[in-house]
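A quick write-up on the structure given underneath.
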Amino acid sequence: MYTSHEDIGYDFEDDPKDKKTLKSHPNIDSGWAWMVVLSSFFVHILIMGSQMALGVLNVEWLEEFHQSRGLTAWVSSLSMGITLIVGPFIGLFINTCGCRRTAIIGGLVNSLGWVLSAYAANVHYLFITFGVTAGFGSGMAYLPAVVMVGRYFQKRRALAQGLSTTGTGFGTFLMTVLLKYLCAEYGWRNAMFIQGAVSLNLCVCGALMRPLSPGNERDHPGGKDAQVGLAHSPGSKSSGQLGGAEEKGGRPGIEETLGDLPGQACQEKAGHRQNMGAFRVLKTASRLTRRVKKGFRDWYSGYFGAASLFTNRMFVAFIFWALFAYSSFVIPFIHLPEIVNLYNLSEQNDVFPLTSIIAIVHIFAKVALGVVADLPCISVWNVFLMANFTLVLSIFILPLVHTYAGLAVICALIGFSSGYFSLMPVVTEDLVGIEHLANAYGIIICANGISALLGPPFAGWIYDITEKYDFSFYICGLLYMVGILFLLIQPCIQIIEQSRKKYMDDTHV
């Protein structure tokens, strides 16, 4: 099993997977670390917050394209699912390019997806532009935001992750209001175009994710090598020899040589610039090739090599849990706007949307659970499991409540219990260690992505068959409970195996 490195402050190089020195860094838990938290906070607002507000656009798409609820729900679920499913592949980008470049590129791709979606002629067009393009860009910006907070914090990791992930709650509240206003004033197409412009702020957030230490790659091709090249340039030496030779021949040779010197100097400078330009290109290509090979090697070994994460059985159980967990959280956000319409609660919901209640409580829950989990006498795993049990209970109760007040209470419970998302990076790091966090968390959010991808369409299909959302909540809650039980059983299995092994060793002795 991988060991945790909570007590070590790593001094990361610019290349994210270079060798890490074990000396403490002044920005660990302080200084620029809080700017990284701020950057991650805004990434969660712009990505996760906007995705949790897609219920507003889902209603618009149903009215615009007149497709079934199951088919239309695929647009939102594709975006959320792909954002998380691409996690393992984004880990390769991070290993190769670093968190900063990955996040900036992701911001550009995400913005492009929103803008192209404004010109959608049908739902299938949205599958490509919004589901795939915007979703992939979101994934490229989201994973670096989580990984960088984990790299900058040790003692207050849970609190830092809790503060950064509160952006999901703030974003859900703000983006719901913003998208409702934009759709009402300008229509959903212009709303998506404007949101695409807003998403460009992800590039700014990515720029704030600077590495913990300046890299080793500071040797400029025009530095020492350039000086050596100039010192050994054949221009001055050959000119001197030529002048000396002509000098022996008499004055006309000297004048001819002096007349040709400016032209020779220009040719030599041009040739030298070409040589230095080619040298820079070759050196950059060589450096990039080494980085790509090393990044791919580290990425491959983390998944399939001798140090594969899948040899950690507790981590495998954690993946199994993640496959069922996220859909129970996503389904209410996508389908609650329509559920309140079915219950004739639209007027009350317009005053204060139920999804906003989830978002507001979600904000405080992430900070509160992060503070509690950081207490020395509290186990992060116990807090994590208790929050999961509360969320499962809320999902089972939700279909039984048909009043606005009752739904508001259940939504508050969902918002509070879903605060465990701030603990997921901490739990993952405890299982695999900081050096494997990018790859491991990529796998976890990939499993969550599969859950988010299948959950909302499944609920839509259940409604198309039964004309109720009740059974979708019951089935998802049941699967979620199975995932939690698998987490609880795995440590017991390990204890039994260790006891059995010890007994066998004692017997042989």
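As shown in the structure tokens, the chain order sets the letters A, B, ...; within each chain, residues go from 1, and ligands are also counted from 1 in the order they appear.
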
Step one, run DSSP on the backbone; step two, keep only residues of stretch 75-193 of chain A assigned to alpha helix (DSSP H); then write them as a PyMOL selection string. chain A and resi 75-85+87-97+99-117+123-126+135-152+157-193

I want to know what sits within 12 Å of A:Ala118, based on only C-alpha atoms, with residues of the same chain fewer than 2 positions away left out; could you give that as a compact mmCIF listing (two decimals) with N, CA, C and O atoms, in the first residue's frame?
# COMPACT_ATOMS: atom_id res chain seq x y z
N LEU A 57 -30.67 25.57 -18.28
CA LEU A 57 -30.57 25.39 -19.73
C LEU A 57 -31.29 24.12 -20.19
O LEU A 57 -31.78 24.07 -21.33
N TRP A 61 -33.67 23.81 -23.43
CA TRP A 61 -33.44 22.86 -24.53
C TRP A 61 -34.66 21.97 -24.77
O TRP A 61 -34.96 21.62 -25.90
N SER A 111 -14.15 27.67 -23.20
CA SER A 111 -14.81 28.85 -23.75
C SER A 111 -15.28 28.60 -25.18
O SER A 111 -16.39 28.98 -25.56
N LEU A 112 -14.45 27.93 -25.97
CA LEU A 112 -14.82 27.60 -27.35
C LEU A 112 -16.07 26.73 -27.39
O LEU A 112 -16.96 26.93 -28.22
N GLY A 113 -16.17 25.77 -26.47
CA GLY A 113 -17.34 24.90 -26.43
C GLY A 113 -18.62 25.65 -26.14
O GLY A 113 -19.66 25.41 -26.77
N TRP A 114 -18.58 26.60 -25.19
CA TRP A 114 -19.77 27.41 -24.89
C TRP A 114 -20.18 28.24 -26.09
O TRP A 114 -21.37 28.33 -26.42
N VAL A 115 -19.22 28.87 -26.74
CA VAL A 115 -19.53 29.76 -27.87
C VAL A 115 -20.13 28.97 -29.04
O VAL A 115 -21.13 29.38 -29.65
N LEU A 116 -19.52 27.84 -29.37
CA LEU A 116 -20.03 27.03 -30.48
C LEU A 116 -21.43 26.50 -30.19
O LEU A 116 -22.25 26.34 -31.10
N ALA A 120 -26.25 25.99 -31.92
CA ALA A 120 -26.76 24.63 -32.05
C ALA A 120 -28.09 24.61 -32.82
O ALA A 120 -28.99 25.41 -32.55
N ALA A 121 -28.20 23.67 -33.76
CA ALA A 121 -29.44 23.50 -34.52
C ALA A 121 -30.28 22.35 -33.97
O ALA A 121 -31.47 22.27 -34.25
N ASN A 122 -29.66 21.46 -33.19
CA ASN A 122 -30.38 20.34 -32.60
C ASN A 122 -29.61 19.84 -31.39
O ASN A 122 -28.49 20.29 -31.11
N VAL A 123 -30.21 18.89 -30.69
CA VAL A 123 -29.59 18.35 -29.48
C VAL A 123 -28.29 17.61 -29.81
O VAL A 123 -27.32 17.69 -29.06
N TYR A 125 -26.08 18.27 -32.03
CA TYR A 125 -25.01 19.24 -32.18
C TYR A 125 -24.44 19.61 -30.81
O TYR A 125 -23.22 19.76 -30.64
N LEU A 126 -25.34 19.76 -29.81
CA LEU A 126 -24.90 20.10 -28.46
C LEU A 126 -24.08 18.98 -27.83
O LEU A 126 -23.23 19.24 -26.97
N THR A 129 -20.50 19.99 -29.23
CA THR A 129 -19.95 21.29 -28.84
C THR A 129 -19.93 21.49 -27.33
O THR A 129 -18.92 21.91 -26.76
N PHE A 130 -21.06 21.19 -26.69
CA PHE A 130 -21.13 21.43 -25.25
C PHE A 130 -20.70 20.21 -24.45
O PHE A 130 -19.90 20.32 -23.52
N CYS A 183 -30.93 34.12 -19.88
CA CYS A 183 -31.92 33.45 -20.72
C CYS A 183 -33.20 34.28 -20.85
O CYS A 183 -33.80 34.34 -21.93
N TYR A 186 -31.89 37.72 -22.93
CA TYR A 186 -31.27 37.61 -24.25
C TYR A 186 -31.54 36.29 -24.96
O TYR A 186 -31.12 36.13 -26.12
N GLY A 187 -32.19 35.34 -24.29
CA GLY A 187 -32.38 34.02 -24.89
C GLY A 187 -31.22 33.10 -24.55
O GLY A 187 -30.11 33.55 -24.24
N TRP A 188 -31.47 31.78 -24.63
CA TRP A 188 -30.44 30.85 -24.18
C TRP A 188 -29.23 30.83 -25.08
O TRP A 188 -28.10 30.56 -24.62
N ARG A 189 -29.39 31.15 -26.35
CA ARG A 189 -28.22 31.15 -27.25
C ARG A 189 -27.24 32.26 -26.88
O ARG A 189 -26.03 32.03 -26.75
N ASN A 190 -27.74 33.46 -26.73
CA ASN A 190 -26.87 34.57 -26.33
C ASN A 190 -26.33 34.35 -24.92
O ASN A 190 -25.20 34.77 -24.61
N ALA A 191 -27.12 33.69 -24.07
CA ALA A 191 -26.64 33.40 -22.72
C ALA A 191 -25.41 32.50 -22.77
O ALA A 191 -24.43 32.71 -22.03
N MET A 192 -25.43 31.50 -23.65
CA MET A 192 -24.27 30.61 -23.77
C MET A 192 -23.07 31.34 -24.37
O MET A 192 -21.92 31.08 -24.01
N PHE A 193 -23.33 32.25 -25.29
CA PHE A 193 -22.24 33.04 -25.89
C PHE A 193 -21.56 33.90 -24.81
O PHE A 193 -20.33 33.96 -24.73
N ILE A 194 -22.37 34.55 -23.98
CA ILE A 194 -21.82 35.39 -22.91
C ILE A 194 -21.07 34.52 -21.89
O ILE A 194 -19.99 34.90 -21.41
N GLN A 195 -21.63 33.36 -21.58
CA GLN A 195 -20.96 32.47 -20.63
C GLN A 195 -19.62 31.99 -21.18
O GLN A 195 -18.68 31.78 -20.42
N GLY A 196 -19.53 31.84 -22.49
CA GLY A 196 -18.25 31.48 -23.09
C GLY A 196 -17.19 32.55 -22.85
O GLY A 196 -16.02 32.24 -22.59
N ALA A 197 -17.61 33.82 -22.92
CA ALA A 197 -16.67 34.91 -22.64
C ALA A 197 -16.26 34.91 -21.17
O ALA A 197 -15.09 35.12 -20.83

Determine, using only C-alpha atoms, which residues of stretch 386-500 of chain A have any atom at most 12 Å from an atom of stretch 376-379 of chain A, and tabulate each with its shortest atom pair and distance in Å to one decimal place, rows ordered by chain and then rising number, as a Markdown table.
| residue | atom | partner | partner_atom | distance |
| --- | --- | --- | --- | --- |
| A:Met386 | CA | A:Ser379 | CA | 11.0 |
| A:Leu423 | CA | A:Ser379 | CA | 11.2 |
| A:Val426 | CA | A:Ser379 | CA | 11.4 |
| A:Val427 | CA | A:Ser379 | CA | 10.3 |
| A:Asp430 | CA | A:Ser379 | CA | 11.4 |

Could you list, as a VMD selection string, every residue within 10 Å of A:Ile462, counting only C-alpha atoms and ignoring same-chain residues fewer than 4 positions away? chain A and resid 69 to 70 456 to 458 466 to 473

Got time to write the residues from that selection, all heavy atoms, as a short mmCIF file (atom, residue, chain, number, x, y, z; two decimals), in the first residue's frame?
data_model
loop_
_atom_site.label_atom_id
_atom_site.label_comp_id
_atom_site.auth_asym_id
_atom_site.auth_seq_id
_atom_site.Cartn_x
_atom_site.Cartn_y
_atom_site.Cartn_z
N ARG A 69 -36.97 13.67 -22.47
CA ARG A 69 -36.17 14.10 -21.32
C ARG A 69 -34.88 13.30 -21.22
O ARG A 69 -33.84 13.83 -20.84
CB ARG A 69 -37.00 13.96 -20.04
CG ARG A 69 -38.13 14.97 -19.94
CD ARG A 69 -39.07 14.64 -18.79
NE ARG A 69 -40.09 15.68 -18.63
CZ ARG A 69 -41.19 15.76 -19.36
NH1 ARG A 69 -41.42 14.85 -20.32
NH2 ARG A 69 -42.07 16.72 -19.16
N GLY A 70 -34.97 12.01 -21.52
CA GLY A 70 -33.77 11.18 -21.46
C GLY A 70 -32.71 11.62 -22.44
O GLY A 70 -31.53 11.72 -22.11
N PRO A 456 -28.14 11.32 -14.84
CA PRO A 456 -29.27 12.13 -15.32
C PRO A 456 -30.05 11.51 -16.48
O PRO A 456 -31.29 11.53 -16.45
CB PRO A 456 -28.60 13.45 -15.74
CG PRO A 456 -27.38 13.53 -14.89
CD PRO A 456 -26.90 12.12 -14.77
N PRO A 457 -29.41 10.93 -17.51
CA PRO A 457 -30.21 10.26 -18.54
C PRO A 457 -31.00 9.08 -17.99
O PRO A 457 -32.14 8.84 -18.42
CB PRO A 457 -29.15 9.79 -19.56
CG PRO A 457 -27.99 10.66 -19.34
CD PRO A 457 -27.98 10.93 -17.87
N PHE A 458 -30.41 8.36 -17.03
CA PHE A 458 -31.13 7.24 -16.42
C PHE A 458 -32.40 7.74 -15.74
O PHE A 458 -33.48 7.14 -15.89
CB PHE A 458 -30.22 6.55 -15.41
CG PHE A 458 -30.91 5.49 -14.59
CD1 PHE A 458 -31.19 4.26 -15.14
CD2 PHE A 458 -31.28 5.74 -13.28
CE1 PHE A 458 -31.83 3.29 -14.39
CE2 PHE A 458 -31.92 4.78 -12.52
CZ PHE A 458 -32.19 3.55 -13.07
N THR A 466 -42.18 5.61 -16.44
CA THR A 466 -43.13 5.57 -15.31
C THR A 466 -43.85 6.89 -15.06
O THR A 466 -44.77 6.92 -14.25
CB THR A 466 -42.38 5.19 -14.02
OG1 THR A 466 -41.43 6.21 -13.70
CG2 THR A 466 -41.64 3.87 -14.19
N GLU A 467 -43.39 7.98 -15.74
CA GLU A 467 -43.93 9.32 -15.51
C GLU A 467 -43.72 9.77 -14.06
O GLU A 467 -44.48 10.57 -13.52
CB GLU A 467 -45.40 9.41 -15.89
CG GLU A 467 -45.66 9.18 -17.37
CD GLU A 467 -47.10 9.44 -17.76
OE1 GLU A 467 -47.91 9.71 -16.86
OE2 GLU A 467 -47.40 9.37 -18.96
N LYS A 468 -42.66 9.25 -13.44
CA LYS A 468 -42.26 9.65 -12.10
C LYS A 468 -40.73 9.61 -12.01
O LYS A 468 -40.08 8.82 -12.70
CB LYS A 468 -42.83 8.70 -11.03
CG LYS A 468 -44.31 8.84 -10.78
CD LYS A 468 -44.72 7.90 -9.65
CE LYS A 468 -46.20 8.04 -9.35
NZ LYS A 468 -46.62 7.14 -8.23
N TYR A 469 -40.18 10.49 -11.14
CA TYR A 469 -38.75 10.46 -10.87
C TYR A 469 -38.42 9.61 -9.64
O TYR A 469 -37.24 9.41 -9.32
CB TYR A 469 -38.21 11.88 -10.65
CG TYR A 469 -38.05 12.68 -11.92
CD1 TYR A 469 -38.96 13.67 -12.26
CD2 TYR A 469 -36.99 12.44 -12.78
CE1 TYR A 469 -38.82 14.42 -13.42
CE2 TYR A 469 -36.84 13.18 -13.95
CZ TYR A 469 -37.75 14.16 -14.26
OH TYR A 469 -37.60 14.90 -15.42
N ASP A 470 -39.44 9.12 -8.94
CA ASP A 470 -39.23 8.46 -7.65
C ASP A 470 -38.28 7.27 -7.76
O ASP A 470 -37.34 7.13 -6.97
CB ASP A 470 -40.57 8.00 -7.07
CG ASP A 470 -41.50 9.17 -6.81
OD1 ASP A 470 -41.13 10.31 -7.17
OD2 ASP A 470 -42.59 8.95 -6.26
N PHE A 471 -38.53 6.39 -8.73
CA PHE A 471 -37.75 5.15 -8.82
C PHE A 471 -36.28 5.41 -9.14
O PHE A 471 -35.41 4.65 -8.74
CB PHE A 471 -38.37 4.22 -9.87
CG PHE A 471 -39.73 3.73 -9.50
CD1 PHE A 471 -40.86 4.26 -10.10
CD2 PHE A 471 -39.89 2.74 -8.54
CE1 PHE A 471 -42.12 3.82 -9.75
CE2 PHE A 471 -41.16 2.29 -8.18
CZ PHE A 471 -42.28 2.83 -8.79
N SER A 472 -36.01 6.49 -9.86
CA SER A 472 -34.61 6.81 -10.17
C SER A 472 -33.85 7.16 -8.90
O SER A 472 -32.68 6.77 -8.73
CB SER A 472 -34.54 7.97 -11.17
OG SER A 472 -35.13 9.14 -10.65
N PHE A 473 -34.48 7.88 -7.97
CA PHE A 473 -33.82 8.21 -6.70
C PHE A 473 -33.61 6.96 -5.86
O PHE A 473 -32.56 6.80 -5.22
CB PHE A 473 -34.66 9.24 -5.92
CG PHE A 473 -34.58 10.63 -6.49
CD1 PHE A 473 -35.62 11.15 -7.22
CD2 PHE A 473 -33.46 11.42 -6.29
CE1 PHE A 473 -35.57 12.43 -7.74
CE2 PHE A 473 -33.38 12.70 -6.81
CZ PHE A 473 -34.43 13.21 -7.54
#

Quick one: pull the distance between atom CA of A:Ser164 and atom CA of A:Gly442, Å, one decimal. 17.6 Å

Can you pull out every residue within 10 Å of A:Ile331, counting only C-alpha atoms, but drop anything in the same chain fewer than 2 positions away, and send it as a compact mmCIF listing (two decimals) with N, CA and C atoms, in the first residue's frame?
# COMPACT_ATOMS: atom_id res chain seq x y z
N MET A 52 -23.55 22.69 -12.36
CA MET A 52 -24.65 22.43 -11.45
C MET A 52 -25.86 23.32 -11.75
N GLY A 55 -29.48 22.84 -15.07
CA GLY A 55 -30.92 22.58 -15.06
C GLY A 55 -31.71 23.71 -15.70
N ALA A 73 -31.29 15.19 -21.52
CA ALA A 73 -30.44 15.16 -20.32
C ALA A 73 -29.01 14.73 -20.65
N SER A 77 -25.33 15.76 -18.90
CA SER A 77 -24.56 14.67 -18.31
C SER A 77 -23.25 14.43 -19.07
N TYR A 326 -21.61 9.86 -7.35
CA TYR A 326 -21.84 11.20 -7.87
C TYR A 326 -23.21 11.38 -8.49
N SER A 327 -23.80 10.32 -9.05
CA SER A 327 -25.10 10.47 -9.70
C SER A 327 -26.17 10.89 -8.72
N SER A 328 -26.07 10.44 -7.45
CA SER A 328 -27.06 10.81 -6.44
C SER A 328 -26.99 12.30 -6.12
N PHE A 329 -25.85 12.91 -6.36
CA PHE A 329 -25.72 14.35 -6.14
C PHE A 329 -26.11 15.15 -7.37
N PHE A 333 -29.79 18.27 -9.15
CA PHE A 333 -29.48 19.54 -9.80
C PHE A 333 -30.06 19.62 -11.21
N ILE A 334 -30.04 18.51 -11.93
CA ILE A 334 -30.52 18.53 -13.30
C ILE A 334 -32.04 18.48 -13.36
N HIS A 335 -32.66 17.70 -12.50
CA HIS A 335 -34.09 17.43 -12.63
C HIS A 335 -34.98 18.17 -11.63
N LEU A 336 -34.41 18.78 -10.59
CA LEU A 336 -35.25 19.50 -9.62
C LEU A 336 -36.06 20.63 -10.25
N ILE A 395 -31.34 11.15 -0.15
CA ILE A 395 -31.79 10.71 -1.48
C ILE A 395 -33.00 9.79 -1.37
N ALA A 452 -21.77 10.52 -13.18
CA ALA A 452 -22.48 11.73 -13.62
C ALA A 452 -22.99 11.59 -15.05
N LEU A 454 -24.04 8.82 -16.59
CA LEU A 454 -25.17 7.90 -16.73
C LEU A 454 -26.37 8.28 -15.85
N GLY A 455 -26.13 9.01 -14.75
CA GLY A 455 -27.20 9.29 -13.80
C GLY A 455 -28.37 10.09 -14.34
N PRO A 456 -28.14 11.32 -14.84
CA PRO A 456 -29.27 12.13 -15.32
C PRO A 456 -30.05 11.51 -16.48
N PRO A 457 -29.41 10.93 -17.51
CA PRO A 457 -30.21 10.26 -18.54
C PRO A 457 -31.00 9.08 -17.99
N PHE A 458 -30.41 8.36 -17.03
CA PHE A 458 -31.13 7.24 -16.42
C PHE A 458 -32.40 7.74 -15.74
N ALA A 459 -32.29 8.84 -14.99
CA ALA A 459 -33.48 9.41 -14.34
C ALA A 459 -34.50 9.87 -15.37
N GLY A 460 -34.02 10.44 -16.49
CA GLY A 460 -34.94 10.85 -17.54
C GLY A 460 -35.66 9.68 -18.19
N TYR A 469 -40.18 10.49 -11.14
CA TYR A 469 -38.75 10.46 -10.87
C TYR A 469 -38.42 9.61 -9.64
N SER A 472 -36.01 6.49 -9.86
CA SER A 472 -34.61 6.81 -10.17
C SER A 472 -33.85 7.16 -8.90
N PHE A 473 -34.48 7.88 -7.97
CA PHE A 473 -33.82 8.21 -6.70
C PHE A 473 -33.61 6.96 -5.86
N CYS A 476 -30.71 4.82 -7.51
CA CYS A 476 -29.40 5.45 -7.33
C CYS A 476 -28.96 5.42 -5.87

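Residues in contact range of A:Phe153, defined as at most 6 Å between only C-alpha atoms, with sequence neighbours fewer than 2 positions away removed, read A:Ile28, A:Asp29, A:Gly150, A:Arg151, A:Arg157.
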
Save the residues we just selected, N, CA and C atoms, as an mmCIF file, in the first residue's frame?
data_model
loop_
_atom_site.group_PDB
_atom_site.id
_atom_site.type_symbol
_atom_site.label_atom_id
_atom_site.label_comp_id
_atom_site.auth_asym_id
_atom_site.auth_seq_id
_atom_site.Cartn_x
_atom_site.Cartn_y
_atom_site.Cartn_z
ATOM 1 N N ILE A 28 4.778 26.575 1.430
ATOM 2 C CA ILE A 28 3.918 25.499 1.912
ATOM 3 C C ILE A 28 3.073 26.033 3.063
ATOM 4 N N ASP A 29 1.744 25.919 2.941
ATOM 5 C CA ASP A 29 0.787 26.346 3.973
ATOM 6 C C ASP A 29 0.779 27.848 4.201
ATOM 7 N N GLY A 150 -3.365 20.548 -3.293
ATOM 8 C CA GLY A 150 -2.742 19.453 -2.562
ATOM 9 C C GLY A 150 -1.230 19.589 -2.467
ATOM 10 N N ARG A 151 -0.615 20.183 -3.471
ATOM 11 C CA ARG A 151 0.845 20.344 -3.463
ATOM 12 C C ARG A 151 1.287 21.472 -2.534
ATOM 13 N N ARG A 157 -4.542 20.775 4.869
ATOM 14 C CA ARG A 157 -5.001 20.337 3.548
ATOM 15 C C ARG A 157 -6.516 20.297 3.447
#

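Proximity of A:Leu202, A:Leu143, A:Val401, A:Ala53 to A:Ile105, computed with only C-alpha atoms, is greatest for A:Leu202.
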
Within 7 Å of A:Phe136 using only C-alpha atoms, minus same-chain residues under 4 positions, as a ChimeraX atom specification: /A:82-83,86,132,140

Take the residues from that selection and write them out as a PDB file, in the first residue's frame, keeping N, CA and C atoms.
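File out20.pdb, as written:
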ATOM      1  N   ILE A  82     -17.791  14.014 -18.942  1.00  0.00           N
ATOM      2  CA  ILE A  82     -16.500  14.113 -19.625  1.00  0.00           C
ATOM      3  C   ILE A  82     -15.522  14.961 -18.826  1.00  0.00           C
ATOM      4  N   THR A  83     -16.028  15.996 -18.142  1.00  0.00           N
ATOM      5  CA  THR A  83     -15.163  16.800 -17.277  1.00  0.00           C
ATOM      6  C   THR A  83     -14.402  15.922 -16.302  1.00  0.00           C
ATOM      7  N   VAL A  86     -12.224  12.411 -18.178  1.00  0.00           N
ATOM      8  CA  VAL A  86     -10.916  12.635 -18.805  1.00  0.00           C
ATOM      9  C   VAL A  86      -9.802  12.815 -17.778  1.00  0.00           C
ATOM     10  N   VAL A 132     -18.901  17.385 -25.351  1.00  0.00           N
ATOM     11  CA  VAL A 132     -17.525  16.914 -25.529  1.00  0.00           C
ATOM     12  C   VAL A 132     -16.511  18.056 -25.423  1.00  0.00           C
ATOM     13  N   MET A 140      -9.658  19.782 -18.262  1.00  0.00           N
ATOM     14  CA  MET A 140      -8.272  20.245 -18.303  1.00  0.00           C
ATOM     15  C   MET A 140      -7.999  21.342 -17.285  1.00  0.00           C
TER      16      MET A 140
END

For A:Ser356, find every residue with an atom within 8 Å (counting only C-alpha atoms), except residues of its own chain fewer than 5 positions away, and show them as a PyMOL selection string. chain A and resi 172-173+176

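Candidate residues A:Val177, A:Val149, A:Ala207, A:Leu323 were compared for distance to A:Gly449, and the nearest is A:Leu323, using only C-alpha atoms.
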
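Distance-wise, atom CA of A:Asn388 and atom CA of A:Ile444 end up 15.8 Å apart.
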
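Ranking A:Ala405, A:Leu342, A:Ala368, A:Val147 by their shortest atom-to-atom distance to A:His436, with only C-alpha atoms included, puts A:Val147 first.
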